[in-house]
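J.: For reference, the file input.tsv (TSV, C-alpha atoms) is included below:
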chain	number	residue	atom	x	y	z
S	1	MET	CA	-45.99	-3.38	-204.89
S	2	ASP	CA	-45.52	-7.11	-204.97
S	3	LEU	CA	-47.32	-7.49	-201.67
S	4	LEU	CA	-50.19	-5.33	-202.91
S	5	LEU	CA	-50.51	-7.48	-206.03
S	6	ASP	CA	-50.47	-10.63	-203.89
S	7	ILE	CA	-53.19	-9.31	-201.61
S	8	ALA	CA	-55.40	-8.25	-204.50
S	9	SER	CA	-54.87	-11.60	-206.18
S	10	ALA	CA	-55.63	-13.49	-202.96
S	11	VAL	CA	-58.83	-11.53	-202.42
S	12	LEU	CA	-59.96	-12.19	-205.99
S	13	LEU	CA	-59.11	-15.89	-205.82
S	14	LEU	CA	-60.78	-16.49	-202.47
S	15	THR	CA	-63.90	-14.58	-203.47
S	16	GLY	CA	-64.04	-16.58	-206.67
S	17	GLY	CA	-63.61	-19.81	-204.73
S	18	LEU	CA	-66.44	-18.78	-202.41
S	19	LEU	CA	-68.73	-18.02	-205.35
S	20	VAL	CA	-67.89	-21.35	-206.96
S	21	PHE	CA	-68.67	-23.17	-203.74
S	22	VAL	CA	-71.95	-21.28	-203.26
S	23	GLY	CA	-72.99	-22.14	-206.80
S	24	GLY	CA	-72.18	-25.81	-206.23
S	25	VAL	CA	-74.30	-25.91	-203.10
S	26	GLY	CA	-77.08	-24.15	-204.99
S	27	VAL	CA	-77.00	-26.72	-207.78
S	28	MET	CA	-77.35	-29.44	-205.16
S	29	ARG	CA	-80.13	-27.89	-203.13
S	30	MET	CA	-82.37	-25.90	-205.48
S	31	PRO	CA	-85.82	-27.41	-205.97
S	32	GLU	CA	-86.26	-27.44	-209.76
S	33	PHE	CA	-84.32	-27.25	-212.99
S	34	PHE	CA	-84.43	-23.54	-213.83
S	35	THR	CA	-83.46	-22.47	-210.33
S	36	ARG	CA	-80.58	-24.93	-210.54
S	37	MET	CA	-79.49	-23.27	-213.77
S	38	HIS	CA	-79.52	-19.96	-211.98
S	39	ALA	CA	-77.18	-21.35	-209.32
S	40	ALA	CA	-74.87	-22.82	-211.96
S	41	SER	CA	-74.66	-19.50	-213.75
S	42	VAL	CA	-73.21	-17.95	-210.59
S	43	THR	CA	-70.20	-20.25	-210.84
S	44	ASP	CA	-69.90	-19.70	-214.58
S	45	THR	CA	-69.83	-15.91	-214.42
S	46	GLY	CA	-68.71	-14.67	-211.03
S	47	GLY	CA	-66.53	-17.60	-210.02
S	48	ALA	CA	-64.72	-17.99	-213.33
S	49	ALA	CA	-64.19	-14.25	-213.82
S	50	LEU	CA	-62.79	-13.67	-210.34
S	51	ILE	CA	-60.51	-16.71	-210.33
S	52	LEU	CA	-59.10	-15.98	-213.77
S	53	ALA	CA	-58.59	-12.30	-212.86
S	54	GLY	CA	-56.79	-13.33	-209.70
S	55	LEU	CA	-54.51	-15.65	-211.65
S	56	MET	CA	-53.88	-12.96	-214.25
S	57	LEU	CA	-52.46	-10.68	-211.56
S	58	GLN	CA	-49.98	-13.42	-210.63
S	59	GLY	CA	-48.82	-14.07	-214.18
S	60	GLY	CA	-46.40	-11.18	-214.50
S	61	LEU	CA	-45.20	-9.90	-217.85
S	62	THR	CA	-45.22	-13.18	-219.73
S	63	LEU	CA	-47.48	-15.03	-222.10
S	64	VAL	CA	-49.46	-16.40	-219.15
S	65	PRO	CA	-51.93	-13.51	-218.71
S	66	LEU	CA	-52.58	-13.62	-222.42
S	67	LYS	CA	-53.47	-17.30	-222.25
S	68	LEU	CA	-55.67	-16.63	-219.26
S	69	ALA	CA	-57.35	-13.82	-221.17
S	70	ALA	CA	-57.97	-16.25	-224.03
S	71	ILE	CA	-59.57	-18.73	-221.62
S	72	PHE	CA	-61.60	-15.92	-220.09
S	73	LEU	CA	-62.83	-14.70	-223.47
S	74	PHE	CA	-63.66	-18.18	-224.64
S	75	LEU	CA	-65.46	-19.10	-221.44
S	76	PHE	CA	-67.50	-15.93	-221.58
S	77	LEU	CA	-68.51	-16.53	-225.18
S	78	THR	CA	-69.43	-20.18	-224.77
S	79	SER	CA	-70.99	-20.27	-221.31
S	80	PRO	CA	-73.99	-18.02	-222.09
S	81	THR	CA	-74.47	-19.83	-225.38
S	82	ALA	CA	-74.53	-23.20	-223.68
S	83	SER	CA	-76.86	-21.88	-220.98
S	84	TYR	CA	-79.22	-20.49	-223.58
S	85	ALA	CA	-79.23	-23.73	-225.55
S	86	LEU	CA	-79.82	-25.73	-222.38
S	87	ALA	CA	-82.73	-23.57	-221.20
S	88	ASN	CA	-84.21	-23.53	-224.69
S	89	ALA	CA	-83.99	-27.29	-225.02
S	90	ALA	CA	-85.50	-27.78	-221.56
S	91	LEU	CA	-88.37	-25.41	-222.30
S	92	LEU	CA	-89.07	-26.99	-225.69
S	93	SER	CA	-89.02	-30.53	-224.39
S	94	GLY	CA	-91.36	-29.74	-221.53
S	95	VAL	CA	-89.34	-29.62	-218.33
S	96	ALA	CA	-91.52	-26.67	-217.36
S	97	THR	CA	-94.59	-28.78	-218.04
S	98	ALA	CA	-93.10	-31.53	-215.95
S	99	CYS	CA	-92.65	-29.09	-213.11
S	100	ARG	CA	-96.27	-28.03	-213.44
S	101	ASN	CA	-97.39	-31.64	-213.33
S	102	GLN	CA	-95.11	-32.39	-210.45
S	103	THR	CA	-96.33	-29.49	-208.36
S	104	GLY	CA	-99.84	-28.99	-209.67
S	105	LYS	CA	-101.16	-32.41	-208.84
S	106	GLN	CA	-101.08	-31.80	-205.12
S	107	LEU	CA	-102.97	-29.46	-202.87
S	108	PRO	CA	-101.40	-26.04	-202.26
S	109	GLU	CA	-100.28	-26.67	-198.70
S	110	GLU	CA	-98.82	-30.00	-199.68
S	111	ARG	CA	-97.10	-28.39	-202.61
S	112	GLN	CA	-95.13	-26.15	-200.31
S	113	ASP	CA	-93.68	-29.28	-198.76
S	114	ALA	CA	-92.92	-30.75	-202.16
S	115	LEU	CA	-91.11	-27.59	-203.20
S	116	SER	CA	-89.05	-27.36	-200.05
S	117	ALA	CA	-88.22	-31.05	-200.01
S	118	SER	CA	-86.11	-30.51	-203.17
S	119	LYS	CA	-86.64	-34.11	-204.17
S	120	PRO	CA	-88.93	-34.79	-207.13
S	121	GLN	CA	-90.75	-38.06	-206.60
S	122	THR	CA	-90.58	-39.43	-210.12
S	123	PRO	CA	-88.63	-38.68	-213.26
S	124	PRO	CA	-91.19	-36.27	-214.72
S	125	VAL	CA	-90.08	-36.10	-218.37
S	126	ALA	CA	-90.86	-39.71	-219.09
S	127	LYS	CA	-94.35	-39.20	-217.72
S	128	ALA	CA	-95.14	-35.99	-219.56
S	129	PRO	CA	-96.58	-37.23	-222.89
S	130	ALA	CA	-99.10	-39.59	-221.31
S	131	GLU	CA	-100.27	-36.85	-218.97
S	132	LYS	CA	-100.57	-34.42	-221.85
S	133	ALA	CA	-102.73	-36.85	-223.77
S	134	ALA	CA	-104.86	-37.43	-220.70
S	135	ALA	CA	-105.19	-33.69	-220.18
S	136	LYS	CA	-106.32	-33.24	-223.78
S	137	LYS	CA	-108.99	-35.92	-223.37
S	138	ALA	CA	-110.12	-34.27	-220.15
S	139	ALA	CA	-110.27	-30.90	-221.89
S	140	THR	CA	-112.58	-32.24	-224.56
S	141	ALA	CA	-114.75	-34.01	-222.00
S	142	ALA	CA	-115.01	-31.39	-219.28
S	143	ALA	CA	-114.07	-28.06	-220.78
S	144	PRO	CA	-115.33	-25.63	-218.10
S	145	LYS	CA	-113.71	-27.51	-215.25
S	146	LYS	CA	-110.15	-27.18	-216.38
S	147	PRO	CA	-109.66	-23.41	-216.68
S	148	ALA	CA	-110.95	-22.87	-213.16
S	149	LYS	CA	-108.47	-25.39	-211.88
S	150	LYS	CA	-105.68	-23.76	-213.81
S	151	ALA	CA	-106.57	-20.29	-212.55
S	152	ALA	CA	-106.57	-21.53	-208.97
S	153	ARG	CA	-103.23	-23.11	-209.60
S	154	LYS	CA	-101.87	-19.89	-211.03
S	155	ALA	CA	-103.08	-17.85	-208.10
S	156	THR	CA	-101.31	-20.06	-205.60
S	157	ARG	CA	-98.13	-20.33	-207.55
S	158	LYS	CA	-95.81	-17.40	-207.16
S	159	THR	CA	-92.31	-18.81	-207.36
S	160	ALA	CA	-92.49	-20.81	-210.57
S	161	LYS	CA	-92.98	-18.21	-213.28
S	162	LYS	CA	-91.78	-20.15	-216.29
S	163	PRO	CA	-94.35	-22.92	-216.09
S	164	ALA	CA	-97.05	-20.25	-215.82
S	165	LYS	CA	-95.77	-18.58	-218.96
S	166	LYS	CA	-95.70	-21.83	-220.81
S	167	ALA	CA	-99.20	-22.73	-219.68
S	168	ALA	CA	-100.46	-19.36	-220.87
S	169	ARG	CA	-98.80	-19.84	-224.21
S	170	LYS	CA	-100.23	-23.29	-224.62
S	171	LYS	CA	-103.74	-22.16	-223.85
S	172	SER	CA	-103.70	-19.43	-226.48
L	1	MET	CA	-49.50	-17.47	-201.83
L	2	GLU	CA	-49.67	-21.26	-201.97
L	3	TRP	CA	-52.45	-21.55	-199.43
L	4	VAL	CA	-54.66	-19.25	-201.53
L	5	TYR	CA	-54.23	-21.51	-204.53
L	6	PHE	CA	-54.84	-24.48	-202.31
L	7	GLY	CA	-58.05	-23.04	-200.87
L	8	THR	CA	-59.36	-22.19	-204.31
L	9	CYS	CA	-58.51	-25.70	-205.50
L	10	ILE	CA	-60.43	-27.20	-202.58
L	11	ALA	CA	-63.48	-25.02	-203.30
L	12	ILE	CA	-63.45	-25.99	-206.97
L	13	LEU	CA	-63.03	-29.66	-206.11
L	14	ILE	CA	-65.98	-29.60	-203.70
L	15	THR	CA	-68.10	-27.97	-206.39
L	16	MET	CA	-67.02	-30.63	-208.89
L	17	VAL	CA	-68.08	-33.36	-206.48
L	18	LEU	CA	-71.44	-31.64	-205.95
L	19	ALA	CA	-71.90	-31.35	-209.72
L	20	VAL	CA	-71.18	-35.07	-210.13
L	21	VAL	CA	-73.72	-35.90	-207.42
L	22	ARG	CA	-76.32	-33.72	-209.13
L	23	GLY	CA	-75.52	-35.38	-212.44
L	24	LEU	CA	-76.00	-38.82	-210.93
L	25	MET	CA	-79.26	-38.06	-209.15
L	26	GLY	CA	-80.66	-35.34	-211.44
L	27	PRO	CA	-84.29	-36.15	-212.22
L	28	THR	CA	-84.29	-34.91	-215.82
L	29	ILE	CA	-81.76	-35.28	-218.58
L	30	PHE	CA	-81.21	-31.52	-218.56
L	31	ASP	CA	-80.07	-31.60	-214.96
L	32	ARG	CA	-77.43	-34.05	-216.04
L	33	VAL	CA	-76.36	-31.89	-218.97
L	34	LEU	CA	-76.21	-28.89	-216.66
L	35	ALA	CA	-74.05	-30.83	-214.22
L	36	VAL	CA	-71.71	-31.98	-217.00
L	37	ASN	CA	-71.40	-28.44	-218.32
L	38	MET	CA	-70.63	-27.14	-214.84
L	39	PHE	CA	-68.12	-29.92	-214.28
L	40	GLY	CA	-66.34	-28.99	-217.50
L	41	THR	CA	-66.14	-25.31	-216.63
L	42	LYS	CA	-64.80	-26.18	-213.19
L	43	THR	CA	-62.23	-28.46	-214.81
L	44	VAL	CA	-60.92	-25.51	-216.81
L	45	LEU	CA	-60.67	-23.38	-213.68
L	46	PHE	CA	-59.12	-26.21	-211.72
L	47	ILE	CA	-56.40	-26.81	-214.29
L	48	ALA	CA	-55.67	-23.07	-214.41
L	49	VAL	CA	-55.30	-22.85	-210.62
L	50	MET	CA	-53.34	-26.12	-210.50
L	51	SER	CA	-50.86	-24.83	-213.05
L	52	PHE	CA	-50.08	-21.92	-210.75
L	53	LEU	CA	-49.98	-24.15	-207.68
L	54	SER	CA	-47.42	-26.47	-209.26
L	55	GLY	CA	-45.57	-23.61	-210.96
L	56	ARG	CA	-46.02	-24.91	-214.50
L	57	PRO	CA	-48.04	-22.38	-216.53
L	58	ASP	CA	-47.88	-24.64	-219.60
L	59	PHE	CA	-50.96	-26.37	-218.26
L	60	LEU	CA	-53.01	-23.36	-219.34
L	61	ASP	CA	-53.01	-24.72	-222.89
L	62	LEU	CA	-54.68	-27.85	-221.56
L	63	ALA	CA	-57.29	-25.68	-219.85
L	64	LEU	CA	-58.06	-23.97	-223.15
L	65	ALA	CA	-58.40	-27.33	-224.88
L	66	TYR	CA	-60.75	-28.55	-222.15
L	67	ALA	CA	-62.91	-25.46	-222.58
L	68	LEU	CA	-63.25	-26.19	-226.29
L	69	ILE	CA	-64.08	-29.87	-225.75
L	70	ASN	CA	-66.65	-29.04	-223.09
L	71	PHE	CA	-68.48	-26.57	-225.30
L	72	ILE	CA	-68.65	-28.92	-228.26
L	73	GLY	CA	-69.75	-31.83	-226.08
L	74	VAL	CA	-72.60	-29.93	-224.43
L	75	PHE	CA	-73.85	-28.73	-227.80
L	76	ALA	CA	-73.76	-32.19	-229.31
L	77	VAL	CA	-75.84	-33.62	-226.46
L	78	LEU	CA	-78.28	-30.72	-226.50
L	79	LEU	CA	-78.89	-30.89	-230.23
L	80	PHE	CA	-79.78	-34.52	-229.72
L	81	PHE	CA	-82.19	-33.93	-226.88
L	82	GLN	CA	-83.72	-30.62	-227.97
L	83	SER	CA	-86.13	-32.10	-230.49
L	84	ARG	CA	-87.11	-35.04	-228.32
L	85	GLY	CA	-89.92	-33.20	-226.56
L	86	VAL	CA	-91.35	-31.92	-229.84
L	87	ARG	CA	-91.23	-35.42	-231.30
L	88	ARG	CA	-92.99	-36.88	-228.28
L	89	GLU	CA	-95.66	-34.22	-228.38
L	90	ALA	CA	-96.33	-34.98	-232.03
L	91	GLU	CA	-96.57	-38.68	-231.23
L	92	ALA	CA	-99.03	-38.03	-228.40
L	93	GLU	CA	-101.14	-35.87	-230.68
L	94	ARG	CA	-101.18	-38.55	-233.34
L	95	GLU	CA	-102.29	-41.13	-230.77
L	96	ALA	CA	-104.94	-38.81	-229.40
L	97	GLY	CA	-106.28	-38.22	-232.90
L	98	LYS	CA	-106.70	-41.92	-233.55
Just give me the structure of the file as structure tokens.
T.:
Amino acid sequence: MDLLLDIASAVLLLTGGLLVFVGGVGVMRMPEFFTRMHAASVTDTGGAALILAGLMLQGGLTLVPLKLAAIFLFLFLTSPTASYALANAALLSGVATACRNQTGKQLPEERQDALSASKPQTPPVAKAPAEKAAAKKAATAAAPKKPAKKAARKATRKTAKKPAKKAARKKS
Amino acid sequence: MEWVYFGTCIAILITMVLAVVRGLMGPTIFDRVLAVNMFGTKTVLFIAVMSFLSGRPDFLDLALAYALINFIGVFAVLLFFQSRGVRREAEAEREAGK
């Protein structure tokens, strides 16, 4: 019985450790912010749940599993809340727009390289307001040119859905 | 059983290092907040596993305290930065209207 518990606990702990490691690598290597958030959520849900469950099996009949359950409950209440607040703040403050600027300025075949290089050239948030103002001026000057460009952009972009949504919302 | 704890500790530590690197080189402020949040969660897990590795389950209280601090800290930073984009947009509009 003890051996069975040890094996189950070891499997849970090692799987959790693997998930945590995978999420860490994902946070390092993903190309843009929202995909990085997706990788981080793997460590917050799968990794934390499996590791805490594995430790709970080792606790025995003491107060320890209860404390671990408290940590588990608290982590699973706060982690989605923090993720939601982070995504909301990023969307409101125009990280999605920054991504569109960062990728949309280049030609489609070059953009593939930019996406796979996983290294944004400039800090895009600081640049966003000036570009927005410039875009507004361009929209008033050459109105028919811009939608065509945007449509072409949309057709070539398949991976980045959130910027597309935001662009659609802004247009309406 | 020790080597399982040890392996998990190593995995969590590697992830913490990766989170710190992302926080240092993250292009936007939100990447940094994400990295800090991830680092905090991994700290909680690390303390929990460490308490079992060293055989002192009292450390779990510290893990709980770290979870609380992490949550409050992330929310404080986010509340500060959430309205920044809206403010900048309003400023740009005001300048464009001039």
J.: How close does chain L get to chain S? List, as JSON lines, each residue of chain L within 8 Å, its nearest atom pair and the distance in Å to one decimal, counting all atoms listed in the file.
T.:
{"residue": "L:Met1", "atom": "CA", "partner": "S:Asp6", "partner_atom": "CA", "distance": 7.2}
{"residue": "L:Val4", "atom": "CA", "partner": "S:Ala10", "partner_atom": "CA", "distance": 6.0}
{"residue": "L:Tyr5", "atom": "CA", "partner": "S:Leu13", "partner_atom": "CA", "distance": 7.6}
{"residue": "L:Gly7", "atom": "CA", "partner": "S:Leu14", "partner_atom": "CA", "distance": 7.3}
{"residue": "L:Thr8", "atom": "CA", "partner": "S:Gly17", "partner_atom": "CA", "distance": 4.9}
{"residue": "L:Cys9", "atom": "CA", "partner": "S:Gly17", "partner_atom": "CA", "distance": 7.8}
{"residue": "L:Ala11", "atom": "CA", "partner": "S:Gly17", "partner_atom": "CA", "distance": 5.4}
{"residue": "L:Ile12", "atom": "CA", "partner": "S:Val20", "partner_atom": "CA", "distance": 6.4}
{"residue": "L:Ile14", "atom": "CA", "partner": "S:Phe21", "partner_atom": "CA", "distance": 7.0}
{"residue": "L:Thr15", "atom": "CA", "partner": "S:Gly24", "partner_atom": "CA", "distance": 4.6}
{"residue": "L:Met16", "atom": "CA", "partner": "S:Gly24", "partner_atom": "CA", "distance": 7.5}
{"residue": "L:Leu18", "atom": "CA", "partner": "S:Gly24", "partner_atom": "CA", "distance": 5.9}
{"residue": "L:Ala19", "atom": "CA", "partner": "S:Gly24", "partner_atom": "CA", "distance": 6.6}
{"residue": "L:Val21", "atom": "CA", "partner": "S:Met28", "partner_atom": "CA", "distance": 7.7}
{"residue": "L:Arg22", "atom": "CA", "partner": "S:Met28", "partner_atom": "CA", "distance": 5.9}
{"residue": "L:Pro27", "atom": "CA", "partner": "S:Pro123", "partner_atom": "CA", "distance": 5.1}
{"residue": "L:Thr28", "atom": "CA", "partner": "S:Pro123", "partner_atom": "CA", "distance": 6.3}
{"residue": "L:Phe30", "atom": "CA", "partner": "S:Ala90", "partner_atom": "CA", "distance": 6.4}
{"residue": "L:Asp31", "atom": "CA", "partner": "S:Phe33", "partner_atom": "CA", "distance": 6.4}
{"residue": "L:Val33", "atom": "CA", "partner": "S:Leu86", "partner_atom": "CA", "distance": 7.8}
{"residue": "L:Leu34", "atom": "CA", "partner": "S:Met37", "partner_atom": "CA", "distance": 7.1}
{"residue": "L:Met38", "atom": "CA", "partner": "S:Ala40", "partner_atom": "CA", "distance": 6.7}
{"residue": "L:Thr41", "atom": "CA", "partner": "S:Asp44", "partner_atom": "CA", "distance": 7.1}
{"residue": "L:Leu45", "atom": "CA", "partner": "S:Ala48", "partner_atom": "CA", "distance": 6.8}
{"residue": "L:Ala48", "atom": "CA", "partner": "S:Leu52", "partner_atom": "CA", "distance": 7.9}
{"residue": "L:Val49", "atom": "CA", "partner": "S:Leu55", "partner_atom": "CA", "distance": 7.3}
{"residue": "L:Phe52", "atom": "CA", "partner": "S:Leu55", "partner_atom": "CA", "distance": 7.7}
{"residue": "L:Pro57", "atom": "CA", "partner": "S:Val64", "partner_atom": "CA", "distance": 6.7}
{"residue": "L:Leu60", "atom": "CA", "partner": "S:Lys67", "partner_atom": "CA", "distance": 6.7}
{"residue": "L:Asp61", "atom": "CA", "partner": "S:Lys67", "partner_atom": "CA", "distance": 7.5}
{"residue": "L:Ala63", "atom": "CA", "partner": "S:Ile71", "partner_atom": "CA", "distance": 7.5}
{"residue": "L:Leu64", "atom": "CA", "partner": "S:Ile71", "partner_atom": "CA", "distance": 5.7}
{"residue": "L:Ala67", "atom": "CA", "partner": "S:Leu75", "partner_atom": "CA", "distance": 6.9}
{"residue": "L:Phe71", "atom": "CA", "partner": "S:Thr78", "partner_atom": "CA", "distance": 6.5}
{"residue": "L:Val74", "atom": "CA", "partner": "S:Ala82", "partner_atom": "CA", "distance": 7.0}
{"residue": "L:Phe75", "atom": "CA", "partner": "S:Ala82", "partner_atom": "CA", "distance": 6.9}
{"residue": "L:Leu78", "atom": "CA", "partner": "S:Leu86", "partner_atom": "CA", "distance": 6.7}
{"residue": "L:Phe81", "atom": "CA", "partner": "S:Ala89", "partner_atom": "CA", "distance": 7.1}
{"residue": "L:Gln82", "atom": "CA", "partner": "S:Ala89", "partner_atom": "CA", "distance": 4.5}
{"residue": "L:Ser83", "atom": "CA", "partner": "S:Ser93", "partner_atom": "CA", "distance": 6.9}
{"residue": "L:Arg84", "atom": "CA", "partner": "S:Ser93", "partner_atom": "CA", "distance": 6.3}
{"residue": "L:Gly85", "atom": "CA", "partner": "S:Ser93", "partner_atom": "CA", "distance": 3.6}
{"residue": "L:Val86", "atom": "CA", "partner": "S:Ser93", "partner_atom": "CA", "distance": 6.1}
{"residue": "L:Arg88", "atom": "CA", "partner": "S:Pro129", "partner_atom": "CA", "distance": 6.5}
{"residue": "L:Glu89", "atom": "CA", "partner": "S:Pro129", "partner_atom": "CA", "distance": 6.3}
{"residue": "L:Ala92", "atom": "CA", "partner": "S:Ala133", "partner_atom": "CA", "distance": 6.0}
{"residue": "L:Glu93", "atom": "CA", "partner": "S:Ala133", "partner_atom": "CA", "distance": 7.2}
{"residue": "L:Ala96", "atom": "CA", "partner": "S:Ala133", "partner_atom": "CA", "distance": 6.4}
J.: Take atom CA of S:Pro80 and atom CA of L:Tyr66 and report the distance between them in Å, one decimal.
T.: 16.9 Å
J.: Could you check how far atom CA of S:Leu5 sits from atom CA of S:Leu73, in Å to one decimal?
T.: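 Interatomic distance, atom CA of S:Leu5 to atom CA of S:Leu73: 22.5 Å.
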J.: Record the distance separating atom CA of L:Arg94 and atom CA of L:Phe80, expressed in Å with one decimal.
T.: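 Computing the Euclidean distance for atom CA of L:Arg94 and atom CA of L:Phe80 yields 22.1 Å.
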J.: With all atoms of stretch 7-22 of chain L from the file as input, state the centre and edge lengths in Å to one decimal of the axis-aligned box that has 6 Å extra on each side, as JSON.
T.:
{"center_x": -67.2, "center_y": -29.0, "center_z": -205.5, "size_x": 30.3, "size_y": 25.7, "size_z": 21.3}
